file work.txt (compact mmCIF, C-alpha atoms)
# COMPACT_ATOMS: atom_id res chain seq x y z
CA MET A 1 0.00 0.00 0.00
CA SER A 2 1.35 3.46 -0.89
CA ILE A 3 2.22 5.99 1.80
CA ASP A 4 -0.68 8.23 0.77
CA ARG A 5 -3.20 5.39 0.89
CA THR A 6 -1.88 4.31 4.28
CA LYS A 7 -2.32 7.86 5.60
CA GLU A 8 -5.84 8.04 4.13
CA SER A 9 -6.73 4.72 5.74
CA ILE A 10 -5.49 5.92 9.12
CA LEU A 11 -7.41 9.20 8.79
CA SER A 12 -10.59 7.40 7.78
CA VAL A 13 -10.46 5.06 10.77
CA ALA A 14 -9.47 7.88 13.13
CA ASP A 15 -12.35 10.02 11.90
CA LYS A 16 -14.84 7.24 12.59
CA LEU A 17 -13.43 6.39 16.02
CA PHE A 18 -13.08 10.01 17.17
CA SER A 19 -16.65 10.65 15.96
CA ARG A 20 -18.00 7.68 17.85
CA PHE A 21 -15.98 7.70 21.06
CA GLY A 22 -14.47 11.18 21.27
CA PHE A 23 -10.88 12.31 21.46
CA HIS A 24 -10.10 11.13 24.97
CA LYS A 25 -11.65 7.66 24.68
CA THR A 26 -9.93 6.86 21.39
CA SER A 27 -6.41 5.50 21.59
CA MET A 28 -3.69 5.27 18.99
CA ASP A 29 -3.57 1.52 19.70
CA GLU A 30 -7.23 1.18 18.79
CA ILE A 31 -6.80 3.25 15.62
CA ALA A 32 -3.83 1.11 14.57
CA LYS A 33 -5.71 -2.11 15.28
CA ILE A 34 -8.82 -1.17 13.31
CA ALA A 35 -6.80 0.38 10.47
CA ARG A 36 -4.72 -2.84 10.43
CA LYS A 37 -1.51 -0.83 10.61
CA ALA A 38 1.45 -1.07 12.88
CA LYS A 39 1.38 1.58 15.59
CA GLY A 40 4.69 2.83 14.19
CA SER A 41 2.92 3.53 10.92
CA LEU A 42 0.57 5.93 12.72
CA TYR A 43 3.50 7.72 14.30
CA TYR A 44 5.27 7.87 10.94
CA HIS A 45 2.40 10.01 9.63
CA PHE A 46 1.32 11.75 12.84
CA ALA A 47 3.59 12.70 15.72
CA SER A 48 0.80 12.31 18.28
CA LYS A 49 -2.89 11.65 18.79
CA GLU A 50 -3.33 15.43 18.90
CA ASP A 51 -1.75 15.76 15.44
CA LEU A 52 -4.02 13.04 14.07
CA PHE A 53 -7.14 14.63 15.58
CA ARG A 54 -6.01 18.03 14.29
CA GLU A 55 -5.82 16.60 10.76
CA VAL A 56 -9.32 15.11 11.10
CA ILE A 57 -10.67 18.50 12.25
CA ALA A 58 -8.77 20.29 9.46
CA ARG A 59 -10.50 18.06 6.92
CA GLU A 60 -13.92 18.83 8.38
CA MET A 61 -13.16 22.54 8.23
CA ASN A 62 -11.80 22.31 4.68
CA ASN A 63 -14.96 20.49 3.62
CA LEU A 64 -16.99 23.31 5.17
CA LYS A 65 -14.95 26.00 3.42
CA ASN A 66 -15.08 24.22 0.05
CA GLN A 67 -18.86 23.86 0.13
CA LEU A 68 -19.41 27.42 1.34
CA ALA A 69 -17.03 28.81 -1.31
CA VAL A 70 -19.34 27.37 -3.98
CA ILE A 71 -22.14 29.55 -2.58
CA VAL A 72 -20.01 32.68 -2.16
CA ASN A 73 -18.68 32.37 -5.73
CA ASN A 74 -22.08 31.60 -7.31
CA THR A 75 -22.73 34.47 -9.72
CA ASP A 76 -26.38 33.45 -10.18
CA LEU A 77 -27.32 34.36 -6.59
CA ASN A 78 -27.89 37.85 -5.20
CA ALA A 79 -26.40 38.75 -1.81
CA SER A 80 -29.54 37.88 0.20
CA GLU A 81 -29.78 34.48 -1.48
CA LYS A 82 -26.10 33.89 -0.79
CA LEU A 83 -26.47 34.75 2.91
CA LYS A 84 -29.47 32.46 3.20
CA SER A 85 -27.73 29.58 1.40
CA TYR A 86 -24.49 30.18 3.33
CA PHE A 87 -26.15 30.08 6.75
CA ILE A 88 -28.29 27.05 5.99
CA LYS A 89 -25.44 25.08 4.37
CA ARG A 90 -22.99 26.02 7.14
CA MET A 91 -25.24 24.71 9.87
CA ALA A 92 -26.16 21.57 7.93
CA ILE A 93 -22.49 20.70 7.34
CA LEU A 94 -21.53 21.37 10.94
CA ASN A 95 -24.49 19.33 12.15
CA SER A 96 -22.83 16.25 10.68
CA ALA A 97 -19.27 17.22 11.70
CA ALA A 98 -19.08 15.07 14.83
CA ASN A 99 -15.42 15.79 15.52
CA TYR A 100 -16.05 19.52 15.36
CA HIS A 101 -18.73 18.93 18.03
CA GLU A 102 -16.03 17.31 20.16
CA THR A 103 -14.09 20.59 20.08
CA LEU A 104 -17.20 22.48 21.18
CA LYS A 105 -17.61 20.12 24.14
CA ALA A 106 -13.97 20.61 25.03
CA ASP A 107 -14.50 24.35 25.28
CA PHE A 108 -16.57 23.77 28.43
CA PHE A 109 -14.03 21.61 30.21
CA GLU A 110 -10.66 22.21 28.60
CA ARG A 111 -9.22 23.77 25.49
CA PHE A 112 -7.86 21.84 22.57
CA ASN A 113 -5.09 24.39 22.12
CA PHE A 114 -3.61 22.31 19.33
CA ILE A 115 -6.49 23.34 17.02
CA ASP A 116 -6.69 27.03 17.94
CA ASP A 117 -4.93 28.00 14.74
CA LEU A 118 -7.50 26.04 12.71
CA ARG A 119 -10.33 27.87 14.46
CA THR A 120 -8.68 31.23 13.86
CA GLU A 121 -8.10 30.37 10.21
CA LEU A 122 -11.77 29.37 9.77
CA ASP A 123 -12.94 32.57 11.49
CA GLU A 124 -10.76 34.70 9.20
CA TRP A 125 -11.92 32.79 6.12
CA GLU A 126 -15.57 33.26 7.08
CA LYS A 127 -15.05 36.94 7.90
CA GLU A 128 -13.49 37.52 4.49
CA ASN A 129 -16.13 35.58 2.57
CA LEU A 130 -19.15 36.96 4.42
CA GLY A 131 -17.62 40.39 3.88
CA ARG A 132 -17.51 39.68 0.14
CA VAL A 133 -21.20 38.75 0.14
CA ILE A 134 -22.14 41.86 2.12
CA LEU A 135 -20.04 44.04 -0.20
CA GLN A 136 -21.80 42.47 -3.19
CA GLY A 137 -25.12 43.46 -1.63
CA VAL A 138 -23.93 47.02 -0.99
CA ASN A 139 -22.51 47.39 -4.51
CA SER A 140 -25.73 46.10 -6.10
CA GLY A 141 -27.87 48.40 -3.98
CA GLU A 142 -29.49 45.45 -2.24
CA PHE A 143 -28.01 46.29 1.19
CA LEU A 144 -27.63 49.60 2.92
CA LEU A 145 -24.48 49.65 4.99
CA ASN A 146 -24.34 51.88 8.05
CA THR A 147 -21.38 50.17 9.70
CA ASP A 148 -18.01 48.73 8.75
CA ILE A 149 -18.17 45.52 6.67
CA ASP A 150 -15.51 43.86 8.86
CA VAL A 151 -17.56 44.56 11.99
CA LEU A 152 -20.75 43.34 10.34
CA SER A 153 -19.18 40.10 9.07
CA GLU A 154 -17.63 39.47 12.50
CA ILE A 155 -21.03 39.93 14.15
CA ALA A 156 -22.57 37.48 11.67
CA ILE A 157 -19.90 34.92 12.64
CA MET A 158 -20.61 35.52 16.33
CA ILE A 159 -24.30 34.89 15.72
CA LEU A 160 -23.59 31.67 13.85
CA LYS A 161 -21.11 30.46 16.47
CA GLY A 162 -23.55 31.37 19.23
CA LEU A 163 -26.03 28.93 17.71
CA GLU A 164 -23.54 26.04 17.57
CA ILE A 165 -23.77 25.02 21.24
CA PRO A 166 -27.57 24.72 21.41
CA PHE A 167 -27.84 23.21 17.94
CA PHE A 168 -25.08 20.64 18.11
CA LEU A 169 -24.48 19.88 21.78
CA GLN A 170 -28.04 20.27 23.05
CA ASP A 171 -29.49 18.52 19.97
CA LYS A 172 -31.75 21.40 18.97
CA TYR A 173 -30.65 21.55 15.32
CA GLU A 174 -33.51 19.43 13.96
CA LYS A 175 -36.11 21.31 15.98
CA PHE A 176 -34.97 24.77 14.88
CA SER A 177 -33.59 24.13 11.38
CA LEU A 178 -37.14 24.48 10.08
CA HIS A 179 -37.07 28.10 11.28
CA PHE A 180 -33.75 29.14 9.70
CA GLU A 181 -35.47 31.00 6.87
CA GLY A 182 -37.24 33.27 9.36
CA LEU A 183 -33.99 34.01 11.17
CA ILE A 184 -32.23 34.71 7.90
CA LYS A 185 -35.04 37.05 6.79
CA ILE A 186 -34.53 39.06 9.97
CA LEU A 187 -30.80 39.31 9.30
CA SER A 188 -31.28 40.18 5.63
CA LYS A 189 -33.98 42.75 6.41
CA GLY A 190 -31.58 44.48 8.76
CA LEU A 191 -29.17 44.93 5.87
CA SER A 192 -31.76 45.76 3.22
CA LYS A 193 -32.71 49.21 2.06
call {"tool": "encode", "arguments": {"input": "work.txt", "output": "structure tokens"}}
result
Amino acid sequence: MSIDRTKESILSVADKLFSRFGFHKTSMDEIAKIARKAKGSLYYHFASKEDLFREVIAREMNNLKNQLAVIVNNTDLNASEKLKSYFIKRMAILNSAANYHETLKADFFERFNFIDDLRTELDEWEKENLGRVILQGVNSGEFLLNTDIDVLSEIAIMILKGLEIPFFLQDKYEKFSLHFEGLIKILSKGLSK
């Protein structure tokens, strides 16, 4: 098996085990056993369990960014439609990102400092891309801007992140996902002329 396929196999197994049992209850021994790899093979690709988990989280975040970029770059949608699609898609993707949920849980009890840079990178990416959507709305006359775009996009991120705990850790996503359109209308109306 090639080095890349071995690494992919390890990541696939680690993703499933971390999702099912969490970071702390998953061991490198168990990952090696289920992946049918020598433990040394895991450490060849990942220096520690933290590095392996970090890579799993990075993949979830990259998946999120890739799918959201499709919306942001869609020239057929106006700014309001982009915001609506962005918010709905973001929450749907994160709803199924079990390892990301693990990092949210950790925020209550401990910090996973080894992924702080990934969180910061995602925040910056979202700030930039939401800013682009808002600017599109301002330039097209769809939105009236009475504050700085950076501030507005940061507030939008805070709102979205504020919903993550109740949606994903308190299992309220299914109950409230039906009402996303109403929430998004309120947000869009606040920007509209």
call {"tool": "residues_near_point", "arguments": {"input": "work.txt", "point": "(-17.1, 40.1, 8.2)", "cutoff": "8 Å", "atoms": "all atoms listed in the file", "output": "list in words"}}
result
Glu126, Lys127, Glu128, Asn129, Leu130, Gly131, Ile149, Asp150, Val151, Leu152, Ser153, Glu154, Ile155, Ala156 and Ile157 of chain A
call {"tool": "residues_around", "arguments": {"input": "work.txt", "residues": "Ile31 of chain A", "least_positions_apart": "2", "cutoff": "9 Å", "atoms": "only C-alpha atoms", "output": "PyMOL selection string"}}
result
chain A and resi 10+13-14+17+26-29+33-37+39+42
call {"tool": "atom_distance", "arguments": {"input": "work.txt", "atom1": "atom CA of Thr103 of chain A", "atom2": "atom CA of Ser177 of chain A"}}
result
21.6 Å
call {"tool": "closest_residue", "arguments": {"input": "work.txt", "among": "A:Phe112, A:Phe176, A:Phe87, A:Phe168", "to": "Asp51 of chain A", "atoms": "only C-alpha atoms"}}
result
A:Phe112
call {"tool": "closest_residue", "arguments": {"input": "work.txt", "among": "A:Lys161, A:Lys82, A:Lys185, A:Arg111", "to": "Ile134 of chain A", "atoms": "all atoms listed in the file"}}
result
A:Lys82
call {"tool": "closest_residue", "arguments": {"input": "work.txt", "among": "A:Leu52, A:Phe114, A:Ala79, A:Leu163", "to": "Gly141 of chain A", "atoms": "all atoms listed in the file"}}
result
A:Ala79
call {"tool": "decode", "arguments": {"input": "work.txt", "residues": "segment 31-184 of chain A", "atoms": "C-alpha atoms", "output": "PDB file, in the first residue's frame"}}
result
ATOM      1  CA  ILE A  31      -6.801   3.250  15.621  1.00  0.00           C
ATOM      2  CA  ALA A  32      -3.829   1.113  14.575  1.00  0.00           C
ATOM      3  CA  LYS A  33      -5.707  -2.109  15.285  1.00  0.00           C
ATOM      4  CA  ILE A  34      -8.823  -1.167  13.307  1.00  0.00           C
ATOM      5  CA  ALA A  35      -6.804   0.380  10.468  1.00  0.00           C
ATOM      6  CA  ARG A  36      -4.720  -2.835  10.427  1.00  0.00           C
ATOM      7  CA  LYS A  37      -1.512  -0.834  10.610  1.00  0.00           C
ATOM      8  CA  ALA A  38       1.446  -1.071  12.885  1.00  0.00           C
ATOM      9  CA  LYS A  39       1.382   1.579  15.587  1.00  0.00           C
ATOM     10  CA  GLY A  40       4.685   2.833  14.186  1.00  0.00           C
ATOM     11  CA  SER A  41       2.916   3.534  10.919  1.00  0.00           C
ATOM     12  CA  LEU A  42       0.568   5.927  12.723  1.00  0.00           C
ATOM     13  CA  TYR A  43       3.504   7.722  14.304  1.00  0.00           C
ATOM     14  CA  TYR A  44       5.267   7.869  10.944  1.00  0.00           C
ATOM     15  CA  HIS A  45       2.397  10.011   9.629  1.00  0.00           C
ATOM     16  CA  PHE A  46       1.316  11.751  12.837  1.00  0.00           C
ATOM     17  CA  ALA A  47       3.589  12.700  15.722  1.00  0.00           C
ATOM     18  CA  SER A  48       0.797  12.308  18.284  1.00  0.00           C
ATOM     19  CA  LYS A  49      -2.892  11.651  18.787  1.00  0.00           C
ATOM     20  CA  GLU A  50      -3.334  15.432  18.902  1.00  0.00           C
ATOM     21  CA  ASP A  51      -1.752  15.762  15.438  1.00  0.00           C
ATOM     22  CA  LEU A  52      -4.019  13.045  14.072  1.00  0.00           C
ATOM     23  CA  PHE A  53      -7.141  14.627  15.579  1.00  0.00           C
ATOM     24  CA  ARG A  54      -6.007  18.026  14.293  1.00  0.00           C
ATOM     25  CA  GLU A  55      -5.823  16.602  10.761  1.00  0.00           C
ATOM     26  CA  VAL A  56      -9.316  15.110  11.096  1.00  0.00           C
ATOM     27  CA  ILE A  57     -10.667  18.503  12.248  1.00  0.00           C
ATOM     28  CA  ALA A  58      -8.772  20.291   9.455  1.00  0.00           C
ATOM     29  CA  ARG A  59     -10.504  18.056   6.920  1.00  0.00           C
ATOM     30  CA  GLU A  60     -13.924  18.826   8.376  1.00  0.00           C
ATOM     31  CA  MET A  61     -13.155  22.539   8.234  1.00  0.00           C
ATOM     32  CA  ASN A  62     -11.802  22.310   4.678  1.00  0.00           C
ATOM     33  CA  ASN A  63     -14.955  20.492   3.620  1.00  0.00           C
ATOM     34  CA  LEU A  64     -16.988  23.305   5.173  1.00  0.00           C
ATOM     35  CA  LYS A  65     -14.949  26.004   3.417  1.00  0.00           C
ATOM     36  CA  ASN A  66     -15.082  24.224   0.049  1.00  0.00           C
ATOM     37  CA  GLN A  67     -18.859  23.863   0.133  1.00  0.00           C
ATOM     38  CA  LEU A  68     -19.407  27.422   1.344  1.00  0.00           C
ATOM     39  CA  ALA A  69     -17.030  28.806  -1.308  1.00  0.00           C
ATOM     40  CA  VAL A  70     -19.342  27.372  -3.980  1.00  0.00           C
ATOM     41  CA  ILE A  71     -22.141  29.547  -2.578  1.00  0.00           C
ATOM     42  CA  VAL A  72     -20.010  32.676  -2.158  1.00  0.00           C
ATOM     43  CA  ASN A  73     -18.684  32.374  -5.732  1.00  0.00           C
ATOM     44  CA  ASN A  74     -22.075  31.595  -7.309  1.00  0.00           C
ATOM     45  CA  THR A  75     -22.734  34.467  -9.718  1.00  0.00           C
ATOM     46  CA  ASP A  76     -26.377  33.447 -10.176  1.00  0.00           C
ATOM     47  CA  LEU A  77     -27.323  34.364  -6.593  1.00  0.00           C
ATOM     48  CA  ASN A  78     -27.892  37.845  -5.201  1.00  0.00           C
ATOM     49  CA  ALA A  79     -26.403  38.748  -1.808  1.00  0.00           C
ATOM     50  CA  SER A  80     -29.543  37.875   0.197  1.00  0.00           C
ATOM     51  CA  GLU A  81     -29.778  34.481  -1.480  1.00  0.00           C
ATOM     52  CA  LYS A  82     -26.095  33.889  -0.790  1.00  0.00           C
ATOM     53  CA  LEU A  83     -26.470  34.752   2.906  1.00  0.00           C
ATOM     54  CA  LYS A  84     -29.468  32.460   3.198  1.00  0.00           C
ATOM     55  CA  SER A  85     -27.733  29.581   1.396  1.00  0.00           C
ATOM     56  CA  TYR A  86     -24.494  30.177   3.326  1.00  0.00           C
ATOM     57  CA  PHE A  87     -26.149  30.082   6.746  1.00  0.00           C
ATOM     58  CA  ILE A  88     -28.291  27.048   5.990  1.00  0.00           C
ATOM     59  CA  LYS A  89     -25.440  25.075   4.367  1.00  0.00           C
ATOM     60  CA  ARG A  90     -22.988  26.016   7.143  1.00  0.00           C
ATOM     61  CA  MET A  91     -25.239  24.715   9.868  1.00  0.00           C
ATOM     62  CA  ALA A  92     -26.164  21.566   7.925  1.00  0.00           C
ATOM     63  CA  ILE A  93     -22.493  20.700   7.339  1.00  0.00           C
ATOM     64  CA  LEU A  94     -21.530  21.368  10.945  1.00  0.00           C
ATOM     65  CA  ASN A  95     -24.491  19.328  12.152  1.00  0.00           C
ATOM     66  CA  SER A  96     -22.827  16.252  10.676  1.00  0.00           C
ATOM     67  CA  ALA A  97     -19.267  17.220  11.701  1.00  0.00           C
ATOM     68  CA  ALA A  98     -19.076  15.071  14.833  1.00  0.00           C
ATOM     69  CA  ASN A  99     -15.423  15.789  15.515  1.00  0.00           C
ATOM     70  CA  TYR A 100     -16.054  19.520  15.357  1.00  0.00           C
ATOM     71  CA  HIS A 101     -18.731  18.926  18.026  1.00  0.00           C
ATOM     72  CA  GLU A 102     -16.029  17.312  20.159  1.00  0.00           C
ATOM     73  CA  THR A 103     -14.089  20.590  20.077  1.00  0.00           C
ATOM     74  CA  LEU A 104     -17.199  22.482  21.179  1.00  0.00           C
ATOM     75  CA  LYS A 105     -17.610  20.121  24.143  1.00  0.00           C
ATOM     76  CA  ALA A 106     -13.966  20.608  25.031  1.00  0.00           C
ATOM     77  CA  ASP A 107     -14.503  24.353  25.285  1.00  0.00           C
ATOM     78  CA  PHE A 108     -16.575  23.774  28.426  1.00  0.00           C
ATOM     79  CA  PHE A 109     -14.028  21.608  30.207  1.00  0.00           C
ATOM     80  CA  GLU A 110     -10.659  22.213  28.602  1.00  0.00           C
ATOM     81  CA  ARG A 111      -9.217  23.769  25.486  1.00  0.00           C
ATOM     82  CA  PHE A 112      -7.863  21.841  22.570  1.00  0.00           C
ATOM     83  CA  ASN A 113      -5.089  24.390  22.121  1.00  0.00           C
ATOM     84  CA  PHE A 114      -3.612  22.313  19.327  1.00  0.00           C
ATOM     85  CA  ILE A 115      -6.487  23.340  17.022  1.00  0.00           C
ATOM     86  CA  ASP A 116      -6.692  27.025  17.942  1.00  0.00           C
ATOM     87  CA  ASP A 117      -4.928  28.003  14.738  1.00  0.00           C
ATOM     88  CA  LEU A 118      -7.503  26.036  12.707  1.00  0.00           C
ATOM     89  CA  ARG A 119     -10.334  27.869  14.456  1.00  0.00           C
ATOM     90  CA  THR A 120      -8.684  31.232  13.857  1.00  0.00           C
ATOM     91  CA  GLU A 121      -8.102  30.373  10.206  1.00  0.00           C
ATOM     92  CA  LEU A 122     -11.766  29.373   9.768  1.00  0.00           C
ATOM     93  CA  ASP A 123     -12.942  32.569  11.487  1.00  0.00           C
ATOM     94  CA  GLU A 124     -10.760  34.696   9.195  1.00  0.00           C
ATOM     95  CA  TRP A 125     -11.920  32.785   6.125  1.00  0.00           C
ATOM     96  CA  GLU A 126     -15.566  33.262   7.081  1.00  0.00           C
ATOM     97  CA  LYS A 127     -15.052  36.937   7.900  1.00  0.00           C
ATOM     98  CA  GLU A 128     -13.489  37.523   4.491  1.00  0.00           C
ATOM     99  CA  ASN A 129     -16.132  35.579   2.571  1.00  0.00           C
ATOM    100  CA  LEU A 130     -19.146  36.963   4.423  1.00  0.00           C
ATOM    101  CA  GLY A 131     -17.616  40.395   3.881  1.00  0.00           C
ATOM    102  CA  ARG A 132     -17.508  39.681   0.143  1.00  0.00           C
ATOM    103  CA  VAL A 133     -21.197  38.752   0.144  1.00  0.00           C
ATOM    104  CA  ILE A 134     -22.144  41.862   2.123  1.00  0.00           C
ATOM    105  CA  LEU A 135     -20.043  44.043  -0.199  1.00  0.00           C
ATOM    106  CA  GLN A 136     -21.796  42.468  -3.192  1.00  0.00           C
ATOM    107  CA  GLY A 137     -25.120  43.462  -1.635  1.00  0.00           C
ATOM    108  CA  VAL A 138     -23.929  47.015  -0.985  1.00  0.00           C
ATOM    109  CA  ASN A 139     -22.509  47.385  -4.515  1.00  0.00           C
ATOM    110  CA  SER A 140     -25.726  46.096  -6.103  1.00  0.00           C
ATOM    111  CA  GLY A 141     -27.866  48.398  -3.976  1.00  0.00           C
ATOM    112  CA  GLU A 142     -29.493  45.446  -2.237  1.00  0.00           C
ATOM    113  CA  PHE A 143     -28.007  46.287   1.186  1.00  0.00           C
ATOM    114  CA  LEU A 144     -27.626  49.604   2.925  1.00  0.00           C
ATOM    115  CA  LEU A 145     -24.484  49.649   4.990  1.00  0.00           C
ATOM    116  CA  ASN A 146     -24.337  51.881   8.054  1.00  0.00           C
ATOM    117  CA  THR A 147     -21.376  50.171   9.697  1.00  0.00           C
ATOM    118  CA  ASP A 148     -18.006  48.729   8.751  1.00  0.00           C
ATOM    119  CA  ILE A 149     -18.174  45.519   6.675  1.00  0.00           C
ATOM    120  CA  ASP A 150     -15.512  43.855   8.855  1.00  0.00           C
ATOM    121  CA  VAL A 151     -17.555  44.561  11.992  1.00  0.00           C
ATOM    122  CA  LEU A 152     -20.749  43.343  10.344  1.00  0.00           C
ATOM    123  CA  SER A 153     -19.180  40.102   9.075  1.00  0.00           C
ATOM    124  CA  GLU A 154     -17.632  39.470  12.501  1.00  0.00           C
ATOM    125  CA  ILE A 155     -21.031  39.932  14.153  1.00  0.00           C
ATOM    126  CA  ALA A 156     -22.568  37.476  11.671  1.00  0.00           C
ATOM    127  CA  ILE A 157     -19.903  34.924  12.637  1.00  0.00           C
ATOM    128  CA  MET A 158     -20.611  35.518  16.329  1.00  0.00           C
ATOM    129  CA  ILE A 159     -24.299  34.892  15.719  1.00  0.00           C
ATOM    130  CA  LEU A 160     -23.590  31.671  13.855  1.00  0.00           C
ATOM    131  CA  LYS A 161     -21.113  30.462  16.469  1.00  0.00           C
ATOM    132  CA  GLY A 162     -23.547  31.366  19.227  1.00  0.00           C
ATOM    133  CA  LEU A 163     -26.026  28.931  17.712  1.00  0.00           C
ATOM    134  CA  GLU A 164     -23.543  26.040  17.575  1.00  0.00           C
ATOM    135  CA  ILE A 165     -23.769  25.017  21.244  1.00  0.00           C
ATOM    136  CA  PRO A 166     -27.567  24.720  21.415  1.00  0.00           C
ATOM    137  CA  PHE A 167     -27.839  23.209  17.940  1.00  0.00           C
ATOM    138  CA  PHE A 168     -25.079  20.636  18.109  1.00  0.00           C
ATOM    139  CA  LEU A 169     -24.485  19.885  21.781  1.00  0.00           C
ATOM    140  CA  GLN A 170     -28.036  20.272  23.046  1.00  0.00           C
ATOM    141  CA  ASP A 171     -29.493  18.518  19.973  1.00  0.00           C
ATOM    142  CA  LYS A 172     -31.751  21.399  18.973  1.00  0.00           C
ATOM    143  CA  TYR A 173     -30.652  21.554  15.320  1.00  0.00           C
ATOM    144  CA  GLU A 174     -33.512  19.429  13.958  1.00  0.00           C
ATOM    145  CA  LYS A 175     -36.107  21.310  15.983  1.00  0.00           C
ATOM    146  CA  PHE A 176     -34.966  24.773  14.877  1.00  0.00           C
ATOM    147  CA  SER A 177     -33.590  24.126  11.381  1.00  0.00           C
ATOM    148  CA  LEU A 178     -37.138  24.482  10.081  1.00  0.00           C
ATOM    149  CA  HIS A 179     -37.070  28.100  11.276  1.00  0.00           C
ATOM    150  CA  PHE A 180     -33.749  29.142   9.696  1.00  0.00           C
ATOM    151  CA  GLU A 181     -35.474  30.999   6.873  1.00  0.00           C
ATOM    152  CA  GLY A 182     -37.237  33.269   9.358  1.00  0.00           C
ATOM    153  CA  LEU A 183     -33.986  34.013  11.169  1.00  0.00           C
ATOM    154  CA  ILE A 184     -32.228  34.712   7.900  1.00  0.00           C
TER     155      ILE A 184
END
